[in-house]
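**Q** I'd like to ask you about the structure that follows.
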Amino acid sequence: MDIQALKTYIKDNDEKGINDFLSPLHPSDIAKFIGELEDDEQIVVFKSLPPDIASEVLLEVAEHTREMLVSSISNAELIEVVDEMATDDAADVIAELPADEAETVLEGIGWEGGAEVIKLLKYPEDTAGGIMQTELVSVLEDATIQETIEQVQEKSEEVSNIHNVFVTDSDGRLTGVVPLEKLILTKPHLSVRDIMDPQPVKVTADTDQEDVAKVFKKYDIVALAVVDTKGKLLGRITIDDVMDVVEEEIFEDFYKMASLNTDERVLDSASRSFRLRAPWLLLNLATAFLAASVVKVFENTIQTVVTLAVFMPVVAGMGGNAATQTITVVVRGIALGELEFRHAKRVLLNQVMVGFANGVLTGAAAVIVAHIFGISYAIGILLFLAMIANLMIAGFSGTVIPIILKWFKADPALSAAVFVTTCTDVGGFLSFLGLATIFLKYGYL
């Protein structure tokens, strides 16, 4: 479908045309079209949507777009939209509102719905409690299969994507779980206790969302119980929520490794992208001056052998590339739980050895190319030794820095573009120019 047709309907205030254009589309497709429109056009389209569709679209658009759309409608309209959401999604939207508006919306969605959302709002958004929903199907241990099926049927309109029935004791503590397919294939007179898994996979509400995703992957499940410290059932997390977490974490790491603000999107205006990128570039500029200060120290060496200036970027650039390879592997290992602190020594040794081997290979290749261009053997040897040294620095810093950041509970992905590249730039210039200074002192250059 042509976005220009939608723009024409908006320009002509053709409500029927807008509705005819949007009605066949899935909410995620509507969100995609909204992302391609100007702000005032986005508001027109969003206001034309019925509350049930608007609630789904609101969850699909970028965060800054969602904030703008929410601010464009009245509290009464927002209440209608939020009332259509699951509790976890409603909590996410309400958490972004000013306190007075949040209170108004909570009152508007009713006492029961508002109470459930308030429970979720107390949890940090990046924890199991922050991404769980309270809508679920649970029964007591002494319930029969027939009674459990009736409970599923009764709650089917309120609870979407029912995969499991959770079993609790009389105090609300989780004691088991029954997959829906197992439930419907069992004789109705049996007790649910007879077919439940008495050791259900579960997480506590304060579990980090990355760890929740690992639990889903490890046990190959589609729904997960969330309990409090006493084992009382609080809610559930479904696979679609986890997919959102995985996507968010992956792209967050990519953005951080590229020194980008995680809020930036490809269709953002130039002015917004400028505001989000400029602080990171200024930080990178500061680290670049650190590398430049190393070059300044060896200014006389460069003036004596001007050819050195030609090969400095080669050494630094190869170090940066090697560091990117190392840190990508290390950060992935940390993210997946493959790399723990007890493995640090072995991993560090391996990466330094890889740096040494690659330094020998690339250094030798660089010497051959330099010789073809008529460069002296002395500078070739310098290039060879500096390449080895800087690629070993790349292996060392690309391993140590993310592990240290993880130790201090910071995001390891932050280290890539800023700290590690600074190490390889400084290390490359220091090794190459430092060796050149020594060669000059003893008359080898």
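Ordering of the structure tokens sets the chain letters (A, B, ...), residue numbers begin anew at 1 in every chain, and ligands are numbered from 1 in the order given.
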List the spatial neighbours of Asp40 of chain A as an NGL selection string - criterion: any atom at most 12 Å away, only C-alpha atoms, same-chain residues fewer than 3 positions off excluded.

**A** :A and (7 or 10-11 or 34-37 or 43-47 or 65 or 68-69 or 72)

**Q** Env of Asp197 of chain A: 10 Å cut, atoms = only C-alpha atoms, seq-sep filter 2 positions within chain, self excluded. Answer as a list of chain:residue names.

**A**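 So, after excluding close chain neighbours, the residues are A:Phe166, A:Val167, A:Thr175, A:Gly176, A:Val177, A:Val178, A:Pro179, A:Val192, A:Arg193, A:Asp194, A:Ile195, A:Gln199, A:Pro200, A:Val201.
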
**Q** Next, dump the selected residues to file, keeping only C-alpha atoms, as a PDB file, in the first residue's frame.

**A**
```
ATOM      1  CA  PHE A 166      -0.764 -22.695  37.205  1.00  0.00           C
ATOM      2  CA  VAL A 167      -1.510 -24.738  40.331  1.00  0.00           C
ATOM      3  CA  THR A 175       3.104 -25.862  43.469  1.00  0.00           C
ATOM      4  CA  GLY A 176       2.803 -26.978  39.862  1.00  0.00           C
ATOM      5  CA  VAL A 177       1.960 -26.211  36.261  1.00  0.00           C
ATOM      6  CA  VAL A 178      -0.132 -28.027  33.647  1.00  0.00           C
ATOM      7  CA  PRO A 179       0.292 -27.459  29.898  1.00  0.00           C
ATOM      8  CA  VAL A 192      -5.086 -31.645  38.500  1.00  0.00           C
ATOM      9  CA  ARG A 193      -2.511 -32.694  41.100  1.00  0.00           C
ATOM     10  CA  ASP A 194      -2.168 -36.021  39.300  1.00  0.00           C
ATOM     11  CA  ILE A 195      -0.952 -34.514  36.032  1.00  0.00           C
ATOM     12  CA  GLN A 199       8.686 -28.659  39.815  1.00  0.00           C
ATOM     13  CA  PRO A 200       7.570 -25.772  37.600  1.00  0.00           C
ATOM     14  CA  VAL A 201      10.129 -23.416  36.087  1.00  0.00           C
TER      15      VAL A 201
END
```

**Q** Would you list, as a ChimeraX atom specification, the residues of segment 259-434 of chain A that end up in helix (DSSP H, G or I) under DSSP run on this structure's backbone?

**A** /A:270-297,299-304,308-335,341-372,377-407,412-434

**Q** What is the distance, in Å and to one decimal place, between atom CA of His343 of chain A and atom CA of Phe396 of chain A?

**A** 14.3 Å

**Q** Name the closest residue to Arg332 of chain A among the candidates A:Asp411, A:Ala394, A:Glu56, A:Glu264; distances are taken between atoms, counting only C-alpha atoms.

**A** A:Asp411
